[in-house]
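target31.txt (compact mmCIF, C-alpha atoms and all ligand atoms) appears below.
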# COMPACT_ATOMS: atom_id res chain seq x y z
CA MET A 280 12.26 -8.65 -5.33
CA LYS A 281 12.31 -10.86 -8.42
CA ASN A 282 9.43 -12.98 -7.11
CA ILE A 283 7.14 -10.06 -6.38
CA LYS A 284 5.40 -10.56 -9.75
CA LYS A 285 4.15 -13.90 -8.41
CA MET A 286 1.60 -11.64 -6.77
CA LYS A 287 -0.80 -11.42 -9.67
CA LEU A 288 -2.16 -8.00 -8.71
CA TYR A 289 1.15 -6.59 -9.96
CA ARG A 290 1.33 -8.39 -13.32
CA HIS A 291 -0.72 -6.06 -15.53
CA PRO A 292 -0.48 -2.53 -14.09
CA GLU A 293 -1.03 -1.08 -17.59
CA ARG A 294 -4.70 -2.09 -17.26
CA ILE A 295 -5.30 1.41 -15.89
CA TYR A 296 -4.79 2.74 -19.42
CA ASN A 297 -7.66 0.53 -20.64
CA GLU A 298 -9.89 2.02 -17.93
CA LEU A 299 -8.86 5.57 -18.88
CA ASN A 300 -9.49 4.89 -22.57
CA ALA A 301 -12.92 3.48 -21.65
CA ILE A 302 -13.91 6.76 -19.99
CA GLY A 303 -12.79 8.75 -23.02
CA TYR A 304 -9.14 9.67 -22.38
CA LYS A 305 -6.82 9.34 -25.37
CA ASP A 306 -3.32 7.91 -24.70
CA GLY A 307 -1.13 10.56 -23.09
CA ALA A 308 -3.93 13.16 -22.72
CA PRO A 309 -4.03 15.36 -19.59
CA LEU A 310 -6.03 13.78 -16.78
CA LYS A 311 -8.31 15.02 -14.02
CA ALA A 312 -7.16 13.50 -10.73
CA ALA A 313 -10.76 12.75 -9.72
CA ASP A 314 -11.30 10.62 -12.85
CA ILE A 315 -8.31 8.42 -12.20
CA SER A 316 -8.69 7.73 -8.47
CA PRO A 317 -11.23 4.86 -8.87
CA PHE A 318 -8.47 2.90 -10.66
CA ASP A 319 -5.13 3.83 -9.09
CA GLN A 320 -5.50 2.75 -5.44
CA TYR A 321 -4.04 -0.70 -4.63
CA HIS A 322 -5.35 -0.94 -1.06
CA TYR A 323 -8.73 -1.22 0.69
CA PHE A 324 -11.47 1.45 0.64
CA GLY A 325 -9.72 3.58 -1.98
CA THR A 326 -9.54 7.31 -1.35
CA ASP A 327 -11.64 7.04 1.85
CA ALA A 328 -8.56 5.52 3.51
CA ILE A 329 -6.44 8.42 2.24
CA ASP A 330 -9.00 10.95 3.49
CA ASP A 331 -8.68 9.35 6.93
CA ALA A 332 -4.92 9.95 6.81
CA ILE A 333 -5.36 13.53 5.62
CA SER A 334 -7.75 14.38 8.45
CA SER A 335 -6.10 12.47 11.27
CA LEU A 336 -2.62 13.81 10.43
CA SER A 337 -3.84 17.32 9.49
CA ILE A 338 -2.02 17.09 6.16
CA ASP A 339 -1.72 20.48 4.50
CA SER A 340 0.49 22.27 1.98
CA LYS A 341 3.34 22.65 4.50
CA LYS A 342 3.80 18.91 5.05
CA LYS A 343 6.59 16.86 3.50
CA ILE A 344 5.49 13.25 3.17
CA MET A 345 7.15 9.94 2.33
CA ASP A 346 4.83 7.31 0.81
CA ILE A 347 6.52 3.90 1.14
CA GLY A 348 5.49 1.44 -1.58
CA SER A 349 3.55 3.95 -3.63
CA GLY A 350 2.32 1.54 -6.32
CA ILE A 351 1.16 3.47 -9.39
CA GLY A 352 1.01 6.63 -7.27
CA GLY A 353 -2.70 6.84 -6.45
CA PRO A 354 -2.43 7.77 -2.75
CA ALA A 355 0.44 10.22 -3.39
CA ARG A 356 -1.44 12.07 -6.16
CA TYR A 357 -4.64 12.16 -4.12
CA MET A 358 -2.89 13.67 -1.06
CA ALA A 359 -0.97 16.21 -3.13
CA GLY A 360 -3.98 17.16 -5.27
CA LYS A 361 -6.27 17.59 -2.30
CA THR A 362 -3.97 19.35 0.18
CA GLY A 363 -1.00 20.78 -1.77
CA CYS A 364 1.44 18.76 0.36
CA HIS A 365 4.74 17.53 -1.09
CA VAL A 366 5.01 13.75 -1.47
CA THR A 367 7.95 11.48 -2.22
CA ALA A 368 6.41 8.39 -3.80
CA LEU A 369 8.88 5.52 -3.41
CA GLU A 370 8.17 2.31 -5.32
CA ILE A 371 10.39 -0.74 -5.77
CA GLN A 372 8.86 -2.13 -9.00
CA PRO A 373 10.15 -0.19 -12.04
CA ASP A 374 7.04 -0.76 -14.20
CA LEU A 375 4.70 0.53 -11.47
CA HIS A 376 7.05 3.44 -10.83
CA ASP A 377 7.08 4.38 -14.56
CA ILE A 378 3.29 4.25 -14.82
CA GLY A 379 2.98 6.28 -11.62
CA SER A 380 5.35 9.01 -12.88
CA SER A 381 3.58 9.26 -16.20
CA LEU A 382 0.12 9.50 -14.59
CA THR A 383 1.37 12.17 -12.20
CA GLU A 384 2.69 14.21 -15.10
CA ARG A 385 -0.60 13.86 -16.95
CA CYS A 386 -2.44 15.09 -13.82
CA GLY A 387 -0.16 18.16 -13.70
CA LEU A 388 1.14 17.14 -10.27
CA SER A 389 4.85 16.63 -11.02
CA GLY A 390 5.68 19.75 -9.00
CA SER A 391 4.31 18.22 -5.80
CA VAL A 392 4.85 14.46 -6.23
CA ARG A 393 8.43 13.22 -6.63
CA HIS A 394 8.54 9.62 -7.88
CA LEU A 395 11.55 7.53 -6.91
CA CYS A 396 12.18 3.91 -7.86
CA GLY A 397 13.91 1.85 -5.18
CA ASP A 398 13.79 -0.17 -1.99
CA ILE A 399 12.93 1.76 1.18
CA LEU A 400 15.68 -0.17 2.96
CA ASP A 401 18.23 1.49 0.62
CA PHE A 402 16.71 4.98 0.82
CA SER A 403 19.27 7.69 1.54
CA GLU A 404 19.57 8.57 5.21
CA LYS A 405 20.72 12.06 4.27
CA GLU A 406 17.06 13.03 3.87
CA ARG A 407 15.83 13.35 7.43
CA ASP A 408 13.18 15.98 7.15
CA PHE A 409 9.94 14.14 6.52
CA ASP A 410 7.00 15.30 8.63
CA ILE A 411 4.96 12.19 7.89
CA ILE A 412 5.45 8.67 6.58
CA VAL A 413 2.43 6.93 5.07
CA SER A 414 2.21 3.43 3.69
CA TRP A 415 -0.75 1.40 2.45
CA LEU A 416 -0.28 -2.39 2.34
CA SER A 417 3.44 -2.31 1.63
CA PHE A 418 5.05 -3.22 4.97
CA LEU A 419 3.68 -6.77 4.61
CA HIS A 420 6.16 -7.26 1.74
CA ILE A 421 9.18 -6.32 3.88
CA PRO A 422 10.18 -9.02 6.39
CA ASP A 423 13.01 -7.09 8.06
CA ARG A 424 10.78 -4.95 10.29
CA CYS A 425 13.65 -3.88 12.49
CA ALA A 426 15.52 -2.35 9.52
CA LEU A 427 12.29 -0.90 8.11
CA LEU A 428 11.28 0.84 11.34
CA LYS A 429 14.84 2.04 11.87
CA LYS A 430 14.75 3.64 8.40
CA CYS A 431 11.40 5.25 9.16
CA TYR A 432 12.73 6.57 12.45
CA THR A 433 15.85 8.00 10.79
CA ILE A 434 14.17 9.86 7.93
CA LEU A 435 11.41 11.40 10.06
CA LYS A 436 11.75 14.70 11.92
CA LEU A 437 11.52 14.47 15.71
CA GLY A 438 7.80 14.42 16.51
CA GLY A 439 7.06 13.28 12.94
CA LYS A 440 4.25 10.77 12.44
CA ILE A 441 3.59 7.48 10.71
CA PHE A 442 0.30 6.23 9.28
CA ILE A 443 0.53 2.62 8.14
CA GLU A 444 -2.02 0.09 6.94
CA ASP A 445 -0.70 -3.44 7.16
CA PHE A 446 -1.52 -7.10 7.84
CA TYR A 447 -0.81 -8.87 11.10
CA LYS A 448 -0.99 -12.42 12.42
CA ARG A 449 -4.03 -13.25 14.57
CA GLY A 450 -3.48 -17.00 14.73
CA GLU A 451 -1.05 -19.66 13.57
CA PHE A 452 -1.22 -20.05 9.78
CA ASP A 453 -1.37 -23.62 8.47
CA LYS A 454 0.88 -24.90 5.68
CA LYS A 455 -1.46 -23.84 2.86
CA GLU A 456 -1.97 -20.35 4.29
CA THR A 457 1.78 -19.91 4.81
CA LYS A 458 2.47 -21.00 1.22
CA ILE A 459 -0.17 -18.70 -0.29
CA LEU A 460 0.99 -15.77 1.81
CA SER A 461 4.62 -16.24 0.87
CA GLU A 462 4.17 -17.16 -2.80
CA ASP A 463 1.01 -15.39 -3.96
CA ILE A 464 1.04 -12.36 -1.64
CA TYR A 465 4.83 -11.98 -1.39
CA CYS A 466 4.49 -11.91 2.38
CA ALA A 467 7.15 -13.97 4.17
CA TYR A 468 6.60 -12.62 7.69
CA LEU A 469 3.84 -11.06 9.77
CA PRO A 470 4.03 -10.01 13.43
CA THR A 471 1.29 -10.64 15.97
CA LEU A 472 -0.35 -7.59 17.51
CA SER A 473 1.85 -7.70 20.60
CA GLU A 474 4.98 -8.22 18.49
CA TYR A 475 3.95 -5.22 16.36
CA LYS A 476 3.62 -3.01 19.43
CA LYS A 477 6.98 -4.15 20.76
CA GLN A 478 8.68 -3.52 17.41
CA LEU A 479 7.24 0.01 17.32
CA ALA A 480 8.36 0.73 20.86
CA ASP A 481 11.84 -0.77 20.27
CA GLY A 482 12.07 1.31 17.09
CA GLY A 483 11.58 4.53 19.08
CA PHE A 484 7.93 5.21 18.28
CA VAL A 485 5.59 6.58 20.94
CA ASN A 486 1.93 7.51 21.38
CA PHE A 487 0.86 4.72 19.10
CA LYS A 488 -2.70 3.91 18.24
CA LEU A 489 -3.53 0.63 16.56
CA THR A 490 -6.97 0.15 15.03
CA ASP A 491 -8.12 -3.33 14.10
CA LYS A 492 -9.48 -3.35 10.54
CA THR A 493 -9.89 -7.11 10.13
CA ASP A 494 -13.68 -7.30 9.87
CA ARG A 495 -13.99 -4.39 7.46
CA TRP A 496 -11.15 -5.68 5.25
CA LYS A 497 -12.56 -9.20 5.30
CA ASP A 498 -15.89 -7.83 3.96
CA PHE A 499 -14.08 -5.59 1.48
CA VAL A 500 -12.08 -8.42 -0.14
CA LYS A 501 -15.15 -10.67 -0.29
CA GLU A 502 -17.24 -7.97 -1.99
CA ARG A 503 -14.37 -7.09 -4.34
CA LEU A 504 -14.27 -10.69 -5.56
CA GLU A 505 -18.06 -10.91 -5.94
CA LYS A 506 -18.24 -7.64 -7.90
CA PHE A 507 -15.37 -8.70 -10.12
CA ILE A 508 -17.02 -12.04 -10.96
CA LYS A 509 -20.33 -10.28 -11.68
CA SER A 510 -18.63 -7.99 -14.21
CA ARG A 511 -16.28 -10.66 -15.59
CA GLY A 512 -17.58 -10.13 -19.15
CA ARG A 513 -16.88 -6.42 -19.05
CA TYR A 514 -13.37 -7.01 -17.69
CA ILE A 515 -12.55 -9.64 -20.33
CA LYS A 516 -13.44 -7.10 -23.04
CA LEU A 517 -11.51 -4.34 -21.30
CA TYR A 518 -8.37 -6.17 -20.07
CA GLY A 519 -8.27 -9.50 -21.92
CA ILE A 520 -8.64 -12.96 -20.47
CA ASP A 521 -5.10 -13.38 -19.06
CA THR A 522 -5.38 -10.27 -16.88
CA VAL A 523 -8.85 -11.29 -15.72
CA LYS A 524 -7.65 -14.77 -14.72
CA ASP A 525 -4.74 -13.30 -12.79
CA LEU A 526 -6.84 -10.72 -10.95
CA GLU A 527 -9.56 -13.23 -10.14
CA ASP A 528 -7.00 -15.64 -8.73
CA PHE A 529 -5.47 -12.92 -6.57
CA TYR A 530 -8.87 -11.65 -5.33
CA GLU A 531 -9.93 -15.23 -4.51
CA LYS A 532 -6.80 -15.92 -2.53
CA MET A 533 -7.10 -12.68 -0.53
CA SER A 534 -10.72 -13.41 0.28
CA TRP A 535 -9.90 -16.99 1.28
CA LEU A 536 -7.06 -15.85 3.56
CA PHE A 537 -9.22 -13.32 5.42
CA ALA A 538 -12.05 -15.87 5.70
CA GLY A 539 -9.66 -18.16 7.62
CA ASN A 540 -9.65 -15.60 10.47
CA LYS A 541 -5.91 -15.80 11.09
CA LEU A 542 -4.98 -12.91 8.85
CA GLY A 543 -5.69 -9.54 10.41
CA GLY A 544 -5.71 -5.94 9.22
CA LEU A 545 -4.33 -2.97 11.13
CA ARG A 546 -4.09 0.79 10.89
CA ILE A 547 -1.13 2.07 12.85
CA MET A 548 -0.56 5.66 13.85
CA ALA A 549 2.49 6.61 15.91
CA GLU A 550 4.94 9.41 16.56
CA LYS A 551 8.72 9.50 16.47
CA GLY A 552 10.00 9.69 20.04
CA ASP A 553 13.38 10.85 21.24
CA LEU A 554 15.55 7.72 21.49
CA SER A 555 18.60 9.72 22.62
CA ARG A 556 16.78 10.46 25.88
CA ILE A 557 16.63 6.74 26.63
CA GLY A 558 20.10 5.97 25.31
CA GLY A 559 19.20 4.71 21.82
CA ASN A 560 20.45 5.96 18.43
C1 LIG A 601 -0.38 -3.39 -2.23
S1 LIG A 601 0.69 -2.29 -3.06
C2 LIG A 601 0.04 -0.73 -2.51
C3 LIG A 601 0.47 0.42 -3.37
C4 LIG A 601 0.01 1.77 -2.86
N1 LIG A 601 0.45 1.97 -1.49
C5 LIG A 601 -1.48 1.91 -2.95
O1 LIG A 601 -2.12 1.75 -1.90
O2 LIG A 601 -2.01 2.16 -4.02
C6 LIG A 601 2.26 -2.38 -2.16
C7 LIG A 601 3.42 -1.74 -2.93
O3 LIG A 601 4.61 -1.75 -2.12
C8 LIG A 601 5.72 -1.90 -2.99
N2 LIG A 601 6.90 -2.35 -2.22
C9 LIG A 601 7.11 -3.58 -1.68
N3 LIG A 601 8.29 -3.63 -1.05
C10 LIG A 601 8.87 -2.41 -1.18
C11 LIG A 601 10.11 -1.85 -0.74
N4 LIG A 601 10.98 -2.58 -0.03
N5 LIG A 601 10.38 -0.56 -1.04
C12 LIG A 601 9.49 0.19 -1.77
N6 LIG A 601 8.31 -0.31 -2.23
C13 LIG A 601 7.98 -1.58 -1.93
C14 LIG A 601 5.21 -2.93 -3.99
O4 LIG A 601 5.99 -3.01 -5.15
C15 LIG A 601 3.78 -2.47 -4.22
O5 LIG A 601 3.67 -1.57 -5.28

In structure tokens, what does this structure look like?
Ligand SMILES: C[S@@+](CC[C@H](N)C(=O)[O-])C[C@H]1O[C@@H](n2cnc3c(N)ncnc32)[C@H](O)[C@@H]1O
Amino acid sequence: MKNIKKMKLYRHPERIYNELNAIGYKDGAPLKAADISPFDQYHYFGTDAIDDAISSLSIDSKKKIMDIGSGIGGPARYMAGKTGCHVTALEIQPDLHDIGSSLTERCGLSGSVRHLCGDILDFSEKERDFDIIVSWLSFLHIPDRCALLKKCYTILKLGGKIFIEDFYKRGEFDKKETKILSEDIYCAYLPTLSEYKKQLADGGFVNFKLTDKTDRWKDFVKERLEKFIKSRGRYIKLYGIDTVKDLEDFYEKMSWLFAGNKLGGLRIMAEKGDLSRIGGN
């Protein structure tokens, strides 16, 4: 975990406070969830991607949800605010976790979003009553997929569902791509599409649907970089030069990786099957 800050996206999470000040919020003031969502989503296509999860999983106030790798809590707050569901927002980086908890409190959502700081692989297996697990761009940081899927299987109710957005390997990465992925994106391992399907099946998941997002994500990261460069002056004033250099470097590397056509993007939906019926755990 100590090297995760090599991924420069994670170095200055407090920049959200600069954005909130710029739209007129004083430090610590109550927040409207709609005002904060342009700045608190660390994945692609912002709240549109969360709306897709809400509609395809029929998320409503009765659902108990685990959000693995919740960042500063954007997806968790958006789901809870929009549907009244209960979300456990689990985040491994303490600074992101602290910012997430404080933003949730300021949005008046502490009753429906529980923030926990920790590694999903260490999450208590006593809690086994989640209806849904969601995760946006976090699995790519966790090389032990067997342990990760086993944990997901264990904490979900039978028939419970997963909704994951993740990277996958479309072609053999060269040395430079491998180095950037492992050092700058904190991504030491990615499965191919067929390996992903096998891992899901071996992990006890059924009825899975995998949607290829590569082209849309490739365009998204390219446009994100272009927009950022266009507004560089504004960002320097708002965040300071060090943060701008770090973000630009990260956005450039993501765009370069997708342009190489070996990095792919996937949305995975699947259901927990009954492993005991086929002799598993
Ligand atoms: C790209 S960010 C996405 C954050 C959030 N899902 C969002 O979309 O706004 C991935 C997050 O996963 C977290 N993460 C990585 N490994 C984790 C682990 N083993 N357990 C919990 N969180 C983890 C990272 O610290 C990071 O905040």

Q. Smallest atom-to-atom distance to ligand LIG 601 (chain A): which of A:Ser381, A:Ser316, A:Ser417, A:Ser340, using only C-alpha atoms and all ligand atoms?
A. A:Ser417

Residue neighbourhood A:Arg546, 12 Å, only C-alpha atoms, exclusion window fewer than 4 positions, as a CSV table (one decimal) with C-alpha atoms, in the coordinates of the input:
chain,number,residue,atom,x,y,z
A,323,TYR,CA,-8.7,-1.2,0.7
A,328,ALA,CA,-8.6,5.5,3.5
A,329,ILE,CA,-6.4,8.4,2.2
A,331,ASP,CA,-8.7,9.4,6.9
A,332,ALA,CA,-4.9,10.0,6.8
A,335,SER,CA,-6.1,12.5,11.3
A,413,VAL,CA,2.4,6.9,5.1
A,414,SER,CA,2.2,3.4,3.7
A,415,TRP,CA,-0.8,1.4,2.4
A,416,LEU,CA,-0.3,-2.4,2.3
A,418,PHE,CA,5.0,-3.2,5.0
A,441,ILE,CA,3.6,7.5,10.7
A,442,PHE,CA,0.3,6.2,9.3
A,443,ILE,CA,0.5,2.6,8.1
A,444,GLU,CA,-2.0,0.1,6.9
A,445,ASP,CA,-0.7,-3.4,7.2
A,446,PHE,CA,-1.5,-7.1,7.8
A,447,TYR,CA,-0.8,-8.9,11.1
A,472,LEU,CA,-0.4,-7.6,17.5
A,475,TYR,CA,4.0,-5.2,16.4
A,487,PHE,CA,0.9,4.7,19.1
A,488,LYS,CA,-2.7,3.9,18.2
A,489,LEU,CA,-3.5,0.6,16.6
A,490,THR,CA,-7.0,0.2,15.0
A,491,ASP,CA,-8.1,-3.3,14.1
A,492,LYS,CA,-9.5,-3.4,10.5
A,493,THR,CA,-9.9,-7.1,10.1
A,495,ARG,CA,-14.0,-4.4,7.5
A,496,TRP,CA,-11.2,-5.7,5.2

(Q) Could you list, as a PyMOL selection string, all protein and nucleic acid residues with an atom at most 7 Å from ligand LIG 601 (chain A), counting only C-alpha atoms and all ligand atoms? (A) chain A and resi 319-322+347-354+369-372+375+397-400+414-418+420-421

Q: Determine, counting all atoms listed in the file, which protein, DNA and RNA residues have an atom within 12 Å of an atom of A:Glu293; residues of the same chain fewer than 6 positions away are not included. Present the result as a PyMOL selection string.
A: chain A and resi 299-300+306+318-319+351+374-379+381-382+517-519+522

Q. Hey, which of A:Gly483, A:Gly303, A:Pro317, A:Gly512 ends up closest to A:Lys524? Count only C-alpha atoms.
A. A:Gly512

Q. Using all atoms listed in the file, which residue out of A:Arg393, A:Lys532, A:Lys477, A:Arg385 lies closest to A:Asp314?
A. A:Arg385

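Checking A:Asp453, A:Asp330, A:Asp339, A:Glu384 one by one against A:Ala312, counting only C-alpha atoms, you find the shortest gap at A:Glu384.
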
Exercise: A:Gly363 partners within 12 Å, all atoms listed in the file, chain neighbours under 3 positions left out, as a PDB file with C-alpha atoms, in the coordinates of the input:
ATOM      1  CA  ILE A 333      -5.360  13.530   5.620  1.00  0.00           C
ATOM      2  CA  ILE A 338      -2.020  17.090   6.160  1.00  0.00           C
ATOM      3  CA  ASP A 339      -1.720  20.480   4.500  1.00  0.00           C
ATOM      4  CA  SER A 340       0.490  22.270   1.980  1.00  0.00           C
ATOM      5  CA  LYS A 341       3.340  22.650   4.500  1.00  0.00           C
ATOM      6  CA  LYS A 342       3.800  18.910   5.050  1.00  0.00           C
ATOM      7  CA  LYS A 343       6.590  16.860   3.500  1.00  0.00           C
ATOM      8  CA  ILE A 344       5.490  13.250   3.170  1.00  0.00           C
ATOM      9  CA  ALA A 355       0.440  10.220  -3.390  1.00  0.00           C
ATOM     10  CA  ARG A 356      -1.440  12.070  -6.160  1.00  0.00           C
ATOM     11  CA  TYR A 357      -4.640  12.160  -4.120  1.00  0.00           C
ATOM     12  CA  MET A 358      -2.890  13.670  -1.060  1.00  0.00           C
ATOM     13  CA  ALA A 359      -0.970  16.210  -3.130  1.00  0.00           C
ATOM     14  CA  GLY A 360      -3.980  17.160  -5.270  1.00  0.00           C
ATOM     15  CA  VAL A 366       5.010  13.750  -1.470  1.00  0.00           C
ATOM     16  CA  LEU A 388       1.140  17.140 -10.270  1.00  0.00           C
ATOM     17  CA  SER A 389       4.850  16.630 -11.020  1.00  0.00           C
ATOM     18  CA  GLY A 390       5.680  19.750  -9.000  1.00  0.00           C
ATOM     19  CA  SER A 391       4.310  18.220  -5.800  1.00  0.00           C
ATOM     20  CA  VAL A 392       4.850  14.460  -6.230  1.00  0.00           C
TER      21      VAL A 392
END

Q. Atom CA of A:Cys425 and atom CA of A:Asp481, how far apart in Å?
A. 8.6 Å

**Q.** Cut-off 6 Å around (10.1, 13.5, 20.6) with only C-alpha atoms: residues as an NGL selection string
**A.** :A and (437-438 or 551-553)

Q.
Quick check, in Å to one decimal: how far apart do atom CA of A:Ser380 and atom CA of A:Thr367 lie?
A. 11.2 Å

How would stretch 467-488 of chain A read, as a compact mmCIF listing (two decimals), keeping the file's coordinate frame, once N, CA and C atoms are built in?
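Generated file (selection-v6.txt):
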# COMPACT_ATOMS: atom_id res chain seq x y z
N ALA A 467 6.40 -12.89 3.53
CA ALA A 467 7.15 -13.97 4.17
C ALA A 467 7.06 -13.91 5.69
N TYR A 468 6.62 -12.77 6.23
CA TYR A 468 6.60 -12.62 7.69
C TYR A 468 5.51 -11.65 8.10
N LEU A 469 4.78 -12.02 9.17
CA LEU A 469 3.84 -11.06 9.77
C LEU A 469 3.97 -11.13 11.28
N PRO A 470 4.01 -9.99 11.96
CA PRO A 470 4.03 -10.01 13.43
C PRO A 470 2.63 -10.19 14.00
N THR A 471 2.56 -10.67 15.24
CA THR A 471 1.29 -10.64 15.97
C THR A 471 1.09 -9.19 16.44
N LEU A 472 -0.07 -8.95 17.03
CA LEU A 472 -0.35 -7.59 17.51
C LEU A 472 0.66 -7.17 18.58
N SER A 473 0.94 -8.10 19.52
CA SER A 473 1.85 -7.70 20.60
C SER A 473 3.28 -7.54 20.07
N GLU A 474 3.65 -8.39 19.09
CA GLU A 474 4.98 -8.22 18.49
C GLU A 474 5.07 -6.88 17.75
N TYR A 475 3.98 -6.49 17.09
CA TYR A 475 3.95 -5.22 16.36
C TYR A 475 4.20 -4.05 17.33
N LYS A 476 3.48 -4.11 18.46
CA LYS A 476 3.62 -3.01 19.43
C LYS A 476 5.05 -2.94 19.97
N LYS A 477 5.61 -4.12 20.23
CA LYS A 477 6.98 -4.15 20.76
C LYS A 477 7.97 -3.60 19.73
N GLN A 478 7.77 -4.00 18.46
CA GLN A 478 8.68 -3.52 17.41
C GLN A 478 8.61 -2.00 17.27
N LEU A 479 7.39 -1.45 17.41
CA LEU A 479 7.24 0.01 17.32
C LEU A 479 7.96 0.68 18.49
N ALA A 480 7.74 0.13 19.67
CA ALA A 480 8.36 0.73 20.86
C ALA A 480 9.88 0.62 20.79
N ASP A 481 10.38 -0.58 20.40
CA ASP A 481 11.84 -0.77 20.27
C ASP A 481 12.42 0.15 19.20
N GLY A 482 11.61 0.45 18.19
CA GLY A 482 12.07 1.31 17.09
C GLY A 482 12.02 2.79 17.44
N GLY A 483 11.57 3.13 18.65
CA GLY A 483 11.58 4.53 19.08
C GLY A 483 10.29 5.28 18.84
N PHE A 484 9.21 4.54 18.51
CA PHE A 484 7.93 5.21 18.28
C PHE A 484 7.10 5.26 19.56
N VAL A 485 6.38 6.36 19.72
CA VAL A 485 5.59 6.58 20.94
C VAL A 485 4.17 6.98 20.56
N ASN A 486 3.33 7.07 21.56
CA ASN A 486 1.93 7.51 21.38
C ASN A 486 1.23 6.73 20.28
N PHE A 487 1.46 5.40 20.24
CA PHE A 487 0.86 4.72 19.10
C PHE A 487 -0.57 4.27 19.36
N LYS A 488 -1.30 4.29 18.22
CA LYS A 488 -2.70 3.91 18.24
C LYS A 488 -2.89 2.86 17.15
